[in-house]
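run.pdb follows; it contains PDB, N, CA and C atoms.
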```
MODEL        1
ATOM      1  N   MET A   1      84.819 117.887 129.940
ATOM      2  CA  MET A   1      85.959 118.417 130.651
ATOM      3  C   MET A   1      85.671 119.894 130.942
ATOM      4  N   ASP A   2      85.928 120.308 132.173
ATOM      5  CA  ASP A   2      85.715 121.706 132.533
ATOM      6  C   ASP A   2      87.022 122.498 132.366
ATOM      7  N   CYS A   3      86.950 123.790 132.609
ATOM      8  CA  CYS A   3      88.116 124.663 132.404
ATOM      9  C   CYS A   3      89.300 124.250 133.278
ATOM     10  N   LYS A   4      89.037 123.960 134.535
ATOM     11  CA  LYS A   4      90.114 123.599 135.461
ATOM     12  C   LYS A   4      90.849 122.347 134.980
ATOM     13  N   GLU A   5      90.092 121.328 134.615
ATOM     14  CA  GLU A   5      90.693 120.081 134.141
ATOM     15  C   GLU A   5      91.409 120.291 132.801
ATOM     16  N   THR A   6      90.810 121.096 131.929
ATOM     17  CA  THR A   6      91.422 121.383 130.637
ATOM     18  C   THR A   6      92.767 122.059 130.831
ATOM     19  N   ARG A   7      92.803 123.041 131.696
ATOM     20  CA  ARG A   7      94.057 123.780 131.923
ATOM     21  C   ARG A   7      95.125 122.891 132.552
ATOM     22  N   LYS A   8      94.716 121.941 133.391
ATOM     23  CA  LYS A   8      95.677 120.995 133.951
ATOM     24  C   LYS A   8      96.242 120.083 132.857
ATOM     25  N   ASN A   9      95.480 119.861 131.795
ATOM     26  CA  ASN A   9      95.905 118.945 130.733
ATOM     27  C   ASN A   9      96.613 119.626 129.562
ATOM     28  N   ILE A  10      96.779 120.923 129.622
ATOM     29  CA  ILE A  10      97.420 121.626 128.504
ATOM     30  C   ILE A  10      98.836 121.099 128.266
ATOM     31  N   TYR A  11      99.609 120.967 129.315
ATOM     32  CA  TYR A  11     100.985 120.491 129.137
ATOM     33  C   TYR A  11     100.995 119.067 128.567
ATOM     34  N   LYS A  12     100.080 118.222 129.057
ATOM     35  CA  LYS A  12      99.994 116.856 128.516
ATOM     36  C   LYS A  12      99.663 116.897 127.027
ATOM     37  N   PHE A  13      98.799 117.824 126.612
ATOM     38  CA  PHE A  13      98.476 117.958 125.191
ATOM     39  C   PHE A  13      99.709 118.377 124.405
ATOM     40  N   ILE A  14     100.429 119.350 124.907
ATOM     41  CA  ILE A  14     101.621 119.839 124.220
ATOM     42  C   ILE A  14     102.640 118.717 124.064
ATOM     43  N   GLU A  15     102.745 117.871 125.061
ATOM     44  CA  GLU A  15     103.707 116.763 125.041
ATOM     45  C   GLU A  15     103.127 115.478 124.436
ATOM     46  N   ASP A  16     101.967 115.571 123.786
ATOM     47  CA  ASP A  16     101.284 114.415 123.185
ATOM     48  C   ASP A  16     100.981 113.330 124.217
ATOM     49  N   GLY A  17     100.615 113.765 125.422
ATOM     50  CA  GLY A  17     100.335 112.825 126.499
ATOM     51  C   GLY A  17      98.864 112.500 126.691
ATOM     52  N   LEU A  18      97.983 113.084 125.879
ATOM     53  CA  LEU A  18      96.555 112.787 125.982
ATOM     54  C   LEU A  18      96.196 111.730 124.949
ATOM     55  N   ASP A  19      95.319 110.834 125.340
ATOM     56  CA  ASP A  19      94.898 109.822 124.387
ATOM     57  C   ASP A  19      93.391 109.609 124.462
ATOM     58  N   GLY A  20      92.861 109.013 123.433
ATOM     59  CA  GLY A  20      91.467 108.616 123.402
ATOM     60  C   GLY A  20      90.476 109.664 123.851
ATOM     61  N   LYS A  21      89.700 109.293 124.870
ATOM     62  CA  LYS A  21      88.636 110.166 125.354
ATOM     63  C   LYS A  21      89.171 111.465 125.940
ATOM     64  N   GLU A  22      90.341 111.398 126.592
ATOM     65  CA  GLU A  22      90.936 112.617 127.147
ATOM     66  C   GLU A  22      91.202 113.634 126.049
ATOM     67  N   LEU A  23      91.805 113.166 124.962
ATOM     68  CA  LEU A  23      92.124 114.058 123.850
ATOM     69  C   LEU A  23      90.854 114.621 123.233
ATOM     70  N   GLN A  24      89.872 113.762 123.037
ATOM     71  CA  GLN A  24      88.613 114.196 122.448
ATOM     72  C   GLN A  24      87.934 115.241 123.332
ATOM     73  N   SER A  25      87.882 114.991 124.625
ATOM     74  CA  SER A  25      87.257 115.925 125.554
ATOM     75  C   SER A  25      88.037 117.241 125.610
ATOM     76  N   PHE A  26      89.359 117.151 125.617
ATOM     77  CA  PHE A  26      90.203 118.347 125.634
ATOM     78  C   PHE A  26      89.962 119.200 124.393
ATOM     79  N   MET A  27      89.990 118.574 123.221
ATOM     80  CA  MET A  27      89.822 119.307 121.967
ATOM     81  C   MET A  27      88.433 119.931 121.880
ATOM     82  N   LYS A  28      87.423 119.221 122.345
ATOM     83  CA  LYS A  28      86.061 119.754 122.327
ATOM     84  C   LYS A  28      85.988 121.008 123.195
ATOM     85  N   HIS A  29      86.587 120.917 124.374
ATOM     86  CA  HIS A  29      86.512 122.056 125.296
ATOM     87  C   HIS A  29      87.251 123.274 124.747
ATOM     88  N   VAL A  30      88.499 123.089 124.271
ATOM     89  CA  VAL A  30      89.240 124.263 123.807
ATOM     90  C   VAL A  30      88.632 124.860 122.542
ATOM     91  N   SER A  31      87.915 124.040 121.770
ATOM     92  CA  SER A  31      87.266 124.604 120.582
ATOM     93  C   SER A  31      86.033 125.424 120.955
ATOM     94  N   GLU A  32      85.483 125.176 122.138
ATOM     95  CA  GLU A  32      84.283 125.886 122.579
ATOM     96  C   GLU A  32      84.573 126.984 123.609
ATOM     97  N   CYS A  33      85.731 126.931 124.240
ATOM     98  CA  CYS A  33      86.051 127.865 125.326
ATOM     99  C   CYS A  33      87.207 128.772 124.896
ATOM    100  N   GLU A  34      86.888 130.016 124.653
ATOM    101  CA  GLU A  34      87.883 130.978 124.181
ATOM    102  C   GLU A  34      89.000 131.178 125.204
ATOM    103  N   GLU A  35      88.657 131.202 126.484
ATOM    104  CA  GLU A  35      89.659 131.414 127.528
ATOM    105  C   GLU A  35      90.660 130.264 127.591
ATOM    106  N   CYS A  36      90.167 129.034 127.487
ATOM    107  CA  CYS A  36      91.066 127.879 127.534
ATOM    108  C   CYS A  36      91.910 127.796 126.260
ATOM    109  N   MET A  37      91.337 128.168 125.122
ATOM    110  CA  MET A  37      92.105 128.190 123.879
ATOM    111  C   MET A  37      93.221 129.218 123.980
ATOM    112  N   GLU A  38      92.919 130.358 124.577
ATOM    113  CA  GLU A  38      93.934 131.392 124.767
ATOM    114  C   GLU A  38      95.036 130.904 125.703
ATOM    115  N   GLU A  39      94.647 130.215 126.769
ATOM    116  CA  GLU A  39      95.632 129.666 127.709
ATOM    117  C   GLU A  39      96.492 128.610 127.021
ATOM    118  N   LEU A  40      95.886 127.775 126.197
ATOM    119  CA  LEU A  40      96.640 126.777 125.434
ATOM    120  C   LEU A  40      97.657 127.472 124.525
ATOM    121  N   ALA A  41      97.213 128.493 123.811
ATOM    122  CA  ALA A  41      98.106 129.210 122.894
ATOM    123  C   ALA A  41      99.277 129.822 123.659
ATOM    124  N   ILE A  42      99.003 130.428 124.799
ATOM    125  CA  ILE A  42     100.067 131.051 125.593
ATOM    126  C   ILE A  42     101.059 129.998 126.076
ATOM    127  N   GLN A  43     100.547 128.917 126.671
ATOM    128  CA  GLN A  43     101.447 127.889 127.185
ATOM    129  C   GLN A  43     102.230 127.218 126.059
ATOM    130  N   TYR A  44     101.579 127.034 124.920
ATOM    131  CA  TYR A  44     102.270 126.430 123.774
ATOM    132  C   TYR A  44     103.385 127.360 123.301
ATOM    133  N   LEU A  45     103.073 128.635 123.175
ATOM    134  CA  LEU A  45     104.071 129.600 122.708
ATOM    135  C   LEU A  45     105.268 129.662 123.663
ATOM    136  N   VAL A  46     105.002 129.641 124.964
ATOM    137  CA  VAL A  46     106.091 129.689 125.942
ATOM    138  C   VAL A  46     106.903 128.395 125.898
ATOM    139  N   THR A  47     106.234 127.259 125.981
ATOM    140  CA  THR A  47     106.922 125.968 126.022
ATOM    141  C   THR A  47     107.717 125.711 124.747
ATOM    142  N   GLU A  48     107.052 125.794 123.620
ATOM    143  CA  GLU A  48     107.709 125.512 122.352
ATOM    144  C   GLU A  48     108.668 126.634 121.962
ATOM    145  N   GLY A  49     108.320 127.850 122.288
ATOM    146  CA  GLY A  49     109.182 128.989 121.969
ATOM    147  C   GLY A  49     110.540 128.868 122.625
ATOM    148  N   MET A  50     110.564 128.454 123.887
ATOM    149  CA  MET A  50     111.836 128.284 124.597
ATOM    150  C   MET A  50     112.677 127.201 123.928
ATOM    151  N   GLN A  51     112.056 126.106 123.530
ATOM    152  CA  GLN A  51     112.796 125.033 122.862
ATOM    153  C   GLN A  51     113.340 125.497 121.515
ATOM    154  N   HIS A  52     112.522 126.241 120.765
ATOM    155  CA  HIS A  52     112.943 126.702 119.442
ATOM    156  C   HIS A  52     114.038 127.756 119.526
ATOM    157  N   LEU A  53     114.023 128.562 120.560
ATOM    158  CA  LEU A  53     115.069 129.576 120.711
ATOM    159  C   LEU A  53     116.442 128.930 120.839
ATOM    160  N   GLU A  54     116.476 127.755 121.460
ATOM    161  CA  GLU A  54     117.739 127.057 121.654
ATOM    162  C   GLU A  54     118.210 126.342 120.390
ATOM    163  N   THR A  55     117.266 125.979 119.499
ATOM    164  CA  THR A  55     117.649 125.142 118.364
ATOM    165  C   THR A  55     117.494 125.800 117.002
ATOM    166  N   GLU A  56     116.623 126.780 116.854
ATOM    167  CA  GLU A  56     116.334 127.353 115.548
ATOM    168  C   GLU A  56     116.398 128.872 115.603
ATOM    169  N   SER A  57     116.562 129.460 114.425
ATOM    170  CA  SER A  57     116.585 130.920 114.383
ATOM    171  C   SER A  57     115.223 131.499 114.010
ATOM    172  N   ALA A  58     114.471 130.816 113.158
ATOM    173  CA  ALA A  58     113.157 131.323 112.732
ATOM    174  C   ALA A  58     112.111 130.221 112.916
ATOM    175  N   PHE A  59     110.935 130.625 113.389
ATOM    176  CA  PHE A  59     109.859 129.655 113.586
ATOM    177  C   PHE A  59     108.526 130.368 113.648
ATOM    178  N   ASP A  60     107.457 129.629 113.354
ATOM    179  CA  ASP A  60     106.095 130.162 113.375
ATOM    180  C   ASP A  60     105.274 129.294 114.324
ATOM    181  N   LEU A  61     105.266 129.662 115.589
ATOM    182  CA  LEU A  61     104.619 128.837 116.603
ATOM    183  C   LEU A  61     103.108 128.775 116.446
ATOM    184  N   GLN A  62     102.492 129.843 115.994
ATOM    185  CA  GLN A  62     101.030 129.818 115.804
ATOM    186  C   GLN A  62     100.668 128.775 114.765
ATOM    187  N   SER A  63     101.421 128.733 113.689
ATOM    188  CA  SER A  63     101.188 127.742 112.638
ATOM    189  C   SER A  63     101.438 126.332 113.164
ATOM    190  N   GLN A  64     102.477 126.174 113.967
ATOM    191  CA  GLN A  64     102.775 124.864 114.543
ATOM    192  C   GLN A  64     101.672 124.406 115.487
ATOM    193  N   LEU A  65     101.116 125.329 116.272
ATOM    194  CA  LEU A  65     100.013 124.985 117.168
ATOM    195  C   LEU A  65      98.796 124.556 116.356
ATOM    196  N   GLU A  66      98.509 125.266 115.287
ATOM    197  CA  GLU A  66      97.373 124.892 114.434
ATOM    198  C   GLU A  66      97.588 123.502 113.829
ATOM    199  N   LYS A  67      98.818 123.193 113.405
ATOM    200  CA  LYS A  67      99.116 121.855 112.870
ATOM    201  C   LYS A  67      98.958 120.795 113.947
ATOM    202  N   LYS A  68      99.401 121.098 115.160
ATOM    203  CA  LYS A  68      99.278 120.156 116.273
ATOM    204  C   LYS A  68      97.805 119.875 116.564
ATOM    205  N   MET A  69      96.989 120.922 116.548
ATOM    206  CA  MET A  69      95.564 120.748 116.809
ATOM    207  C   MET A  69      94.903 119.966 115.673
ATOM    208  N   GLU A  70      95.300 120.200 114.439
ATOM    209  CA  GLU A  70      94.747 119.435 113.317
ATOM    210  C   GLU A  70      95.158 117.972 113.426
ATOM    211  N   GLY A  71      96.384 117.724 113.853
ATOM    212  CA  GLY A  71      96.821 116.348 114.083
ATOM    213  C   GLY A  71      95.978 115.672 115.155
ATOM    214  N   ALA A  72      95.636 116.415 116.201
ATOM    215  CA  ALA A  72      94.785 115.871 117.270
ATOM    216  C   ALA A  72      93.399 115.563 116.726
ATOM    217  N   ARG A  73      92.874 116.439 115.878
ATOM    218  CA  ARG A  73      91.552 116.182 115.277
ATOM    219  C   ARG A  73      91.586 114.914 114.419
ATOM    220  N   LYS A  74      92.678 114.707 113.694
ATOM    221  CA  LYS A  74      92.820 113.500 112.867
ATOM    222  C   LYS A  74      92.869 112.249 113.738
ATOM    223  N   LYS A  75      93.580 112.329 114.873
ATOM    224  CA  LYS A  75      93.622 111.195 115.800
ATOM    225  C   LYS A  75      92.223 110.867 116.309
ATOM    226  N   ILE A  76      91.460 111.906 116.619
ATOM    227  CA  ILE A  76      90.099 111.707 117.129
ATOM    228  C   ILE A  76      89.236 111.038 116.061
ATOM    229  N   ARG A  77      89.334 111.528 114.821
ATOM    230  CA  ARG A  77      88.552 110.920 113.732
ATOM    231  C   ARG A  77      88.956 109.469 113.516
ATOM    232  N   ALA A  78      90.252 109.184 113.574
ATOM    233  CA  ALA A  78      90.726 107.809 113.396
ATOM    234  C   ALA A  78      90.214 106.926 114.530
ATOM    235  N   ARG A  79      90.236 107.457 115.743
ATOM    236  CA  ARG A  79      89.734 106.690 116.892
ATOM    237  C   ARG A  79      88.253 106.390 116.730
ATOM    238  N   LYS A  80      87.491 107.358 116.237
ATOM    239  CA  LYS A  80      86.060 107.150 116.026
ATOM    240  C   LYS A  80      85.831 106.070 114.968
ATOM    241  N   ARG A  81      86.660 106.063 113.912
ATOM    242  CA  ARG A  81      86.521 105.028 112.878
ATOM    243  C   ARG A  81      86.811 103.647 113.452
ATOM    244  N   VAL A  82      87.843 103.553 114.283
ATOM    245  CA  VAL A  82      88.187 102.264 114.895
ATOM    246  C   VAL A  82      87.053 101.790 115.796
ATOM    247  N   ILE A  83      86.504 102.688 116.587
ATOM    248  CA  ILE A  83      85.390 102.323 117.473
ATOM    249  C   ILE A  83      84.191 101.883 116.653
ATOM    250  N   TRP A  84      83.888 102.620 115.583
ATOM    251  CA  TRP A  84      82.765 102.240 114.720
ATOM    252  C   TRP A  84      83.004 100.856 114.132
ATOM    253  N   PHE A  85      84.218 100.597 113.661
ATOM    254  CA  PHE A  85      84.553  99.295 113.083
ATOM    255  C   PHE A  85      84.406  98.194 114.130
ATOM    256  N   MET A  86      84.835  98.448 115.356
ATOM    257  CA  MET A  86      84.710  97.446 116.415
ATOM    258  C   MET A  86      83.243  97.151 116.709
ATOM    259  N   TYR A  87      82.402  98.182 116.731
ATOM    260  CA  TYR A  87      80.972  97.960 116.940
ATOM    261  C   TYR A  87      80.381  97.153 115.798
ATOM    262  N   PHE A  88      80.822  97.439 114.589
ATOM    263  CA  PHE A  88      80.346  96.722 113.417
ATOM    264  C   PHE A  88      80.715  95.237 113.517
ATOM    265  N   ILE A  89      81.961  94.933 113.841
ATOM    266  CA  ILE A  89      82.413  93.556 113.991
ATOM    267  C   ILE A  89      81.669  92.874 115.132
ATOM    268  N   GLU A  90      81.475  93.585 116.215
ATOM    269  CA  GLU A  90      80.743  93.033 117.364
ATOM    270  C   GLU A  90      79.309  92.693 116.969
ATOM    271  N   THR A  91      78.678  93.574 116.212
ATOM    272  CA  THR A  91      77.311  93.331 115.735
ATOM    273  C   THR A  91      77.270  92.107 114.830
ATOM    274  N   LEU A  92      78.243  91.992 113.937
ATOM    275  CA  LEU A  92      78.315  90.810 113.066
ATOM    276  C   LEU A  92      78.487  89.541 113.884
ATOM    277  N   ALA A  93      79.310  89.583 114.901
ATOM    278  CA  ALA A  93      79.522  88.416 115.755
ATOM    279  C   ALA A  93      78.233  88.022 116.475
ATOM    280  N   ILE A  94      77.513  89.010 116.966
ATOM    281  CA  ILE A  94      76.233  88.725 117.645
ATOM    282  C   ILE A  94      75.243  88.113 116.674
ATOM    283  N   LEU A  95      75.178  88.672 115.472
ATOM    284  CA  LEU A  95      74.281  88.115 114.455
ATOM    285  C   LEU A  95      74.671  86.682 114.094
ATOM    286  N   ALA A  96      75.966  86.414 114.014
ATOM    287  CA  ALA A  96      76.429  85.057 113.707
ATOM    288  C   ALA A  96      76.020  84.086 114.814
ATOM    289  N   VAL A  97      76.144  84.510 116.061
ATOM    290  CA  VAL A  97      75.743  83.656 117.186
ATOM    291  C   VAL A  97      74.243  83.396 117.135
ATOM    292  N   ILE A  98      73.476  84.423 116.859
ATOM    293  CA  ILE A  98      72.017  84.254 116.761
ATOM    294  C   ILE A  98      71.668  83.299 115.632
ATOM    295  N   LEU A  99      72.294  83.494 114.479
ATOM    296  CA  LEU A  99      72.035  82.626 113.333
ATOM    297  C   LEU A  99      72.411  81.183 113.631
ATOM    298  N   LEU A 100      73.567  80.969 114.239
ATOM    299  CA  LEU A 100      73.985  79.609 114.595
ATOM    300  C   LEU A 100      73.038  78.995 115.618
ATOM    301  N   THR A 101      72.578  79.790 116.556
ATOM    302  CA  THR A 101      71.621  79.299 117.556
ATOM    303  C   THR A 101      70.325  78.868 116.881
ATOM    304  N   ILE A 102      69.838  79.657 115.956
ATOM    305  CA  ILE A 102      68.613  79.335 115.227
ATOM    306  C   ILE A 102      68.811  78.053 114.418
ATOM    307  N   LEU A 103      69.958  77.936 113.761
ATOM    308  CA  LEU A 103      70.237  76.732 112.969
ATOM    309  C   LEU A 103      70.298  75.481 113.845
ATOM    310  N   VAL A 104      70.879  75.595 115.026
ATOM    311  CA  VAL A 104      70.960  74.466 115.957
ATOM    312  C   VAL A 104      69.564  74.097 116.439
ATOM    313  N   ILE A 105      68.735  75.083 116.732
ATOM    314  CA  ILE A 105      67.371  74.822 117.212
ATOM    315  C   ILE A 105      66.530  74.159 116.116
ATOM    316  N   ILE A 106      66.678  74.595 114.883
ATOM    317  CA  ILE A 106      65.911  74.056 113.771
ATOM    318  C   ILE A 106      66.267  72.595 113.517
ATOM    319  N   LYS A 107      67.516  72.222 113.622
ATOM    320  CA  LYS A 107      67.949  70.840 113.347
ATOM    321  C   LYS A 107      67.485  69.975 114.418
TER
ENDMDL
END
```
Show me the file's structure as structure tokens.
Amino acid sequence: MDCKETRKNIYKFIEDGLDGKELQSFMKHVSECEECMEELAIQYLVTEGMQHLETESAFDLQSQLEKKMEGARKKIRARKRVIWFMYFIETLAILAVILLTILVIIK
């Protein structure tokens, strides 16, 4: 994901609208691009700050952004585990088909 695409997806990230590969690509880019991380922080502070002003008296938006980003990292790790598990099951299925084919040929 490049800077332009990342910046277009900031609001979707704030609203938990990114999934799978989009989220992974977004998180990778903002962790490597200081300018996009700064833009994310600004947009998050403005968006969430306005909501919190209406509902709460005290809040720590920087801490909330860090928690949101850690939650996104956890989603990415969980997605990677699911993909790994699916590949593992797929490999087992292929091996089972090969084994059954060999058994049929031998008989």
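The closest residue to Cys36 in chain A, picked from A:Thr91, A:Cys3, A:Lys67, A:Leu23 and counting all atoms listed in the file, is A:Cys3.
Using only N, CA and C atoms for every distance, the candidate list A:Leu100, A:Phe26, A:Met69, A:Ile42 yields A:Phe26 as the residue closest to Glu5 in chain A.
Minimum atom-to-atom distance to Tyr44 in chain A, evaluated using only N, CA and C atoms, belongs to A:Ile10 out of A:Thr101, A:Ile10, A:Ala96, A:Gly17.
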Taking the file as shown, find all residues satisfying the PyMOL selection byres (((chain A and resi 59-63 and name CA) around 12) and name CA) and write them as a PDB file with N, CA and C atoms, in the coordinates of the input.
```pdb
ATOM      1  N   GLU A  38      92.919 130.358 124.577  1.00  0.00           N
ATOM      2  CA  GLU A  38      93.934 131.392 124.767  1.00  0.00           C
ATOM      3  C   GLU A  38      95.036 130.904 125.703  1.00  0.00           C
ATOM      4  N   LEU A  40      95.886 127.775 126.197  1.00  0.00           N
ATOM      5  CA  LEU A  40      96.640 126.777 125.434  1.00  0.00           C
ATOM      6  C   LEU A  40      97.657 127.472 124.525  1.00  0.00           C
ATOM      7  N   ALA A  41      97.213 128.493 123.811  1.00  0.00           N
ATOM      8  CA  ALA A  41      98.106 129.210 122.894  1.00  0.00           C
ATOM      9  C   ALA A  41      99.277 129.822 123.659  1.00  0.00           C
ATOM     10  N   ILE A  42      99.003 130.428 124.799  1.00  0.00           N
ATOM     11  CA  ILE A  42     100.067 131.051 125.593  1.00  0.00           C
ATOM     12  C   ILE A  42     101.059 129.998 126.076  1.00  0.00           C
ATOM     13  N   GLN A  43     100.547 128.917 126.671  1.00  0.00           N
ATOM     14  CA  GLN A  43     101.447 127.889 127.185  1.00  0.00           C
ATOM     15  C   GLN A  43     102.230 127.218 126.059  1.00  0.00           C
ATOM     16  N   TYR A  44     101.579 127.034 124.920  1.00  0.00           N
ATOM     17  CA  TYR A  44     102.270 126.430 123.774  1.00  0.00           C
ATOM     18  C   TYR A  44     103.385 127.360 123.301  1.00  0.00           C
ATOM     19  N   LEU A  45     103.073 128.635 123.175  1.00  0.00           N
ATOM     20  CA  LEU A  45     104.071 129.600 122.708  1.00  0.00           C
ATOM     21  C   LEU A  45     105.268 129.662 123.663  1.00  0.00           C
ATOM     22  N   VAL A  46     105.002 129.641 124.964  1.00  0.00           N
ATOM     23  CA  VAL A  46     106.091 129.689 125.942  1.00  0.00           C
ATOM     24  C   VAL A  46     106.903 128.395 125.898  1.00  0.00           C
ATOM     25  N   THR A  47     106.234 127.259 125.981  1.00  0.00           N
ATOM     26  CA  THR A  47     106.922 125.968 126.022  1.00  0.00           C
ATOM     27  C   THR A  47     107.717 125.711 124.747  1.00  0.00           C
ATOM     28  N   GLU A  48     107.052 125.794 123.620  1.00  0.00           N
ATOM     29  CA  GLU A  48     107.709 125.512 122.352  1.00  0.00           C
ATOM     30  C   GLU A  48     108.668 126.634 121.962  1.00  0.00           C
ATOM     31  N   GLY A  49     108.320 127.850 122.288  1.00  0.00           N
ATOM     32  CA  GLY A  49     109.182 128.989 121.969  1.00  0.00           C
ATOM     33  C   GLY A  49     110.540 128.868 122.625  1.00  0.00           C
ATOM     34  N   MET A  50     110.564 128.454 123.887  1.00  0.00           N
ATOM     35  CA  MET A  50     111.836 128.284 124.597  1.00  0.00           C
ATOM     36  C   MET A  50     112.677 127.201 123.928  1.00  0.00           C
ATOM     37  N   GLN A  51     112.056 126.106 123.530  1.00  0.00           N
ATOM     38  CA  GLN A  51     112.796 125.033 122.862  1.00  0.00           C
ATOM     39  C   GLN A  51     113.340 125.497 121.515  1.00  0.00           C
ATOM     40  N   HIS A  52     112.522 126.241 120.765  1.00  0.00           N
ATOM     41  CA  HIS A  52     112.943 126.702 119.442  1.00  0.00           C
ATOM     42  C   HIS A  52     114.038 127.756 119.526  1.00  0.00           C
ATOM     43  N   LEU A  53     114.023 128.562 120.560  1.00  0.00           N
ATOM     44  CA  LEU A  53     115.069 129.576 120.711  1.00  0.00           C
ATOM     45  C   LEU A  53     116.442 128.930 120.839  1.00  0.00           C
ATOM     46  N   GLU A  54     116.476 127.755 121.460  1.00  0.00           N
ATOM     47  CA  GLU A  54     117.739 127.057 121.654  1.00  0.00           C
ATOM     48  C   GLU A  54     118.210 126.342 120.390  1.00  0.00           C
ATOM     49  N   THR A  55     117.266 125.979 119.499  1.00  0.00           N
ATOM     50  CA  THR A  55     117.649 125.142 118.364  1.00  0.00           C
ATOM     51  C   THR A  55     117.494 125.800 117.002  1.00  0.00           C
ATOM     52  N   GLU A  56     116.623 126.780 116.854  1.00  0.00           N
ATOM     53  CA  GLU A  56     116.334 127.353 115.548  1.00  0.00           C
ATOM     54  C   GLU A  56     116.398 128.872 115.603  1.00  0.00           C
ATOM     55  N   SER A  57     116.562 129.460 114.425  1.00  0.00           N
ATOM     56  CA  SER A  57     116.585 130.920 114.383  1.00  0.00           C
ATOM     57  C   SER A  57     115.223 131.499 114.010  1.00  0.00           C
ATOM     58  N   ALA A  58     114.471 130.816 113.158  1.00  0.00           N
ATOM     59  CA  ALA A  58     113.157 131.323 112.732  1.00  0.00           C
ATOM     60  C   ALA A  58     112.111 130.221 112.916  1.00  0.00           C
ATOM     61  N   GLN A  64     102.477 126.174 113.967  1.00  0.00           N
ATOM     62  CA  GLN A  64     102.775 124.864 114.543  1.00  0.00           C
ATOM     63  C   GLN A  64     101.672 124.406 115.487  1.00  0.00           C
ATOM     64  N   LEU A  65     101.116 125.329 116.272  1.00  0.00           N
ATOM     65  CA  LEU A  65     100.013 124.985 117.168  1.00  0.00           C
ATOM     66  C   LEU A  65      98.796 124.556 116.356  1.00  0.00           C
ATOM     67  N   GLU A  66      98.509 125.266 115.287  1.00  0.00           N
ATOM     68  CA  GLU A  66      97.373 124.892 114.434  1.00  0.00           C
ATOM     69  C   GLU A  66      97.588 123.502 113.829  1.00  0.00           C
ATOM     70  N   LYS A  67      98.818 123.193 113.405  1.00  0.00           N
ATOM     71  CA  LYS A  67      99.116 121.855 112.870  1.00  0.00           C
ATOM     72  C   LYS A  67      98.958 120.795 113.947  1.00  0.00           C
ATOM     73  N   LYS A  68      99.401 121.098 115.160  1.00  0.00           N
ATOM     74  CA  LYS A  68      99.278 120.156 116.273  1.00  0.00           C
ATOM     75  C   LYS A  68      97.805 119.875 116.564  1.00  0.00           C
ATOM     76  N   MET A  69      96.989 120.922 116.548  1.00  0.00           N
ATOM     77  CA  MET A  69      95.564 120.748 116.809  1.00  0.00           C
ATOM     78  C   MET A  69      94.903 119.966 115.673  1.00  0.00           C
ATOM     79  N   GLU A  70      95.300 120.200 114.439  1.00  0.00           N
ATOM     80  CA  GLU A  70      94.747 119.435 113.317  1.00  0.00           C
ATOM     81  C   GLU A  70      95.158 117.972 113.426  1.00  0.00           C
TER      82      GLU A  70
END
```
* Asked: Within 9 Å of Met1 in chain A, counting only C-alpha atoms, which residues qualify if same-chain residues fewer than 5 places away don't, as a ChimeraX atom specification?
  -> /A:6,22,25-26,28-29
Write the residues you've just listed into a file as a PDB file, keeping the file's coordinate frame, and include N, CA and C atoms for each of them.
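Writing done, so here's part_31.pdb:
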```
ATOM      1  N   THR A   6      90.810 121.096 131.929  1.00  0.00           N
ATOM      2  CA  THR A   6      91.422 121.383 130.637  1.00  0.00           C
ATOM      3  C   THR A   6      92.767 122.059 130.831  1.00  0.00           C
ATOM      4  N   GLU A  22      90.341 111.398 126.592  1.00  0.00           N
ATOM      5  CA  GLU A  22      90.936 112.617 127.147  1.00  0.00           C
ATOM      6  C   GLU A  22      91.202 113.634 126.049  1.00  0.00           C
ATOM      7  N   SER A  25      87.882 114.991 124.625  1.00  0.00           N
ATOM      8  CA  SER A  25      87.257 115.925 125.554  1.00  0.00           C
ATOM      9  C   SER A  25      88.037 117.241 125.610  1.00  0.00           C
ATOM     10  N   PHE A  26      89.359 117.151 125.617  1.00  0.00           N
ATOM     11  CA  PHE A  26      90.203 118.347 125.634  1.00  0.00           C
ATOM     12  C   PHE A  26      89.962 119.200 124.393  1.00  0.00           C
ATOM     13  N   LYS A  28      87.423 119.221 122.345  1.00  0.00           N
ATOM     14  CA  LYS A  28      86.061 119.754 122.327  1.00  0.00           C
ATOM     15  C   LYS A  28      85.988 121.008 123.195  1.00  0.00           C
ATOM     16  N   HIS A  29      86.587 120.917 124.374  1.00  0.00           N
ATOM     17  CA  HIS A  29      86.512 122.056 125.296  1.00  0.00           C
ATOM     18  C   HIS A  29      87.251 123.274 124.747  1.00  0.00           C
TER      19      HIS A  29
END
```
* How many Å lie between CA of Asn9 in chain A and CA of Arg77 in chain A, rounded to one decimal? -> 20.2 Å
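Between CA of Lys4 in chain A and CA of Lys75 in chain A the interatomic distance comes to 23.5 Å.
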